[in-house]
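Colleague: Quick one: the structure is below, questions incoming.
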Amino acid sequence: MNILIANDDGIAANGIRVLSEELSKKHNVYVVAPDRERSAAGHSLTLHTPLRVEELDSGKNGAKRAWVTTGTPGDCVKIAINAILSKEEQPDIIISGINHGPNLGADILYSGTVSCAMEGAMLGYPSLAVSLATMRAEYDDFKFPASFVNSLLDKLQNFKFPPKCILNVNIPKLDANDIAGIAITELGRKIFTDDYEKRIDPRGQVYYWLAGQLNTEPVGANTDLAAIQNNMISITPVTYEMTRTDTIKDLDKILCSGNTCNWY
């Protein structure tokens with residue numbers, strides 16, 4: 001199977017290195033990643049500056065080929081599919097990650113990791129976003145998550161990804177024996193509260209630091225946040241189809257009653 005791997009932590013991040021090494025044992029792996037960390041970049045694309053791409057030494061971290069770009073996470077997937085990979089190298093699946101840090105709840109809207117996978121779905125490819133749910137991780141901490149992804153790909157052989165849908169996977173930073181299982185979940189609330197800490201720098205100037213507290217969810221909630229709290233791997237199907245279709249008729253009654261929408 002051909003696999004395209006991208007991320008938002010950058011080409012040198014441990015998560016993408018370990019994932020590439022693990023998946024290359026069974027698959028043809030191609031890597032396109034940013035030249036530096038792009039966390040919380042959201043789903044942005046480079047429009048007004050040149051997008052530079054450099055191919056790295058063949059076989060880097062087990063990949064058949066690897067490139068580094070000056071672009072965003074979304075750029076990585078878009079340019080890989082449309083300009084870099086040959087017809088024979090086009091992926092059967094796109095994997096974003098493994099991210100260093102969780103991507104849970106409504107906070108996925110800010111996530112460059114999830115945006116990589118969403119770009120893949122927008123281009124019509126099955127796509128996964130994979131994150132290790134901790135902010136403190138070393139190279140070896142990504143080995144079990146990478147092994148899990150390899151096994152997950154086998155399980156997904158008979159799964160037909162719905163159009164416009166990705167799977168968002170979050171894995172606790174635990175040994176395999178300490179993980180309580182797998183939960184198929186829905187998105188929870190925001191991970192962090194929106195608290196800003198006001199500080200004064202050494203020159204007496206005011207600045208602000210986003211310092212929100214971690215939200216918790218009820219133990220029995222069927223959400224990704226609750227799953228991680230309960231030491232479970234969370235797998236959430238997520239779509240970028242954002243139209244609230246059940247509201248269209250109600251809004252039409254209010255704004256266009258009597259078949260007249262020219263009240264302006």
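In the structure tokens, chains take the letters A, B, ... in the order shown, each chain's residues start at 1, and ligands count up from 1 in the order shown.
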Based on DSSP run over this structure's backbone, return all residues of segment 101-178 of chain A in strand (DSSP E), as JSON, numbers by chain.
Modeller: {"A": [127, 128, 129, 130, 131, 132, 165, 166, 167, 168, 169, 170, 171]}
Colleague: Enumerate as a ChimeraX atom specification all residues of segment 6-110 of chain A assigned to helix (DSSP H, G or I) by DSSP on the backbone, naming them with the chain letters and numbers the document uses.
Modeller: /A:14-23,60-62,73-84,87-89,105-110
Colleague: If I take atom CA of Ala180 of chain A and atom CA of Ala146 of chain A, how far is one from the other in Å, to one decimal?
Modeller: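 A separation of 17.7 Å between them.
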Colleague: Please tabulate, as CSV, the residues of segment 119-224 of chain A that come within 12 Å of segment 70-90 of chain A, each with its closest pair of atoms and the distance in Å to one decimal, counting only C-alpha atoms and ordering rows by chain, then residue number upward.
Modeller:
residue,atom,partner,partner_atom,distance
A:Glu119,CA,A:Gly74,CA,6.0
A:Gly120,CA,A:Val77,CA,6.5
A:Ala121,CA,A:Val77,CA,10.2
A:Met122,CA,A:Lys78,CA,9.5
A:Leu123,CA,A:Lys78,CA,8.0
A:Gly124,CA,A:Ile81,CA,10.6
A:Tyr125,CA,A:Ile81,CA,9.8
A:Ser127,CA,A:Val77,CA,10.6
A:Ala129,CA,A:Pro73,CA,11.8
Colleague: Rounded to one decimal place, report the atom CA of Phe144 of chain A-atom CA of Glu21 of chain A distance in Å.
Modeller: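 Atom CA of Glu21 of chain A lies at a distance of 12.3 Å from atom CA of Phe144 of chain A.
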Colleague: Tell me which protein, DNA and RNA residues are within 8 Å of segment 224-231 of chain A, counting only C-alpha atoms, leaving out same-chain ones fewer than 6 positions away, and put them as a list in words.
Modeller: Leu104, Gly105, Ala133, Asn170, Ile171, Pro172, Leu174, Asp178, Ile179, Ala180, Gly181, Ala183, Thr185, Glu186, Leu187, Gly188, Arg189, Ile191, Thr216, Glu217 and Pro218 of chain A
Colleague: What is the atom CA of Pro34 of chain A to atom CA of Val53 of chain A distance in Å?
Modeller: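 Pair atom CA of Pro34 of chain A / atom CA of Val53 of chain A returns 9.3 Å.
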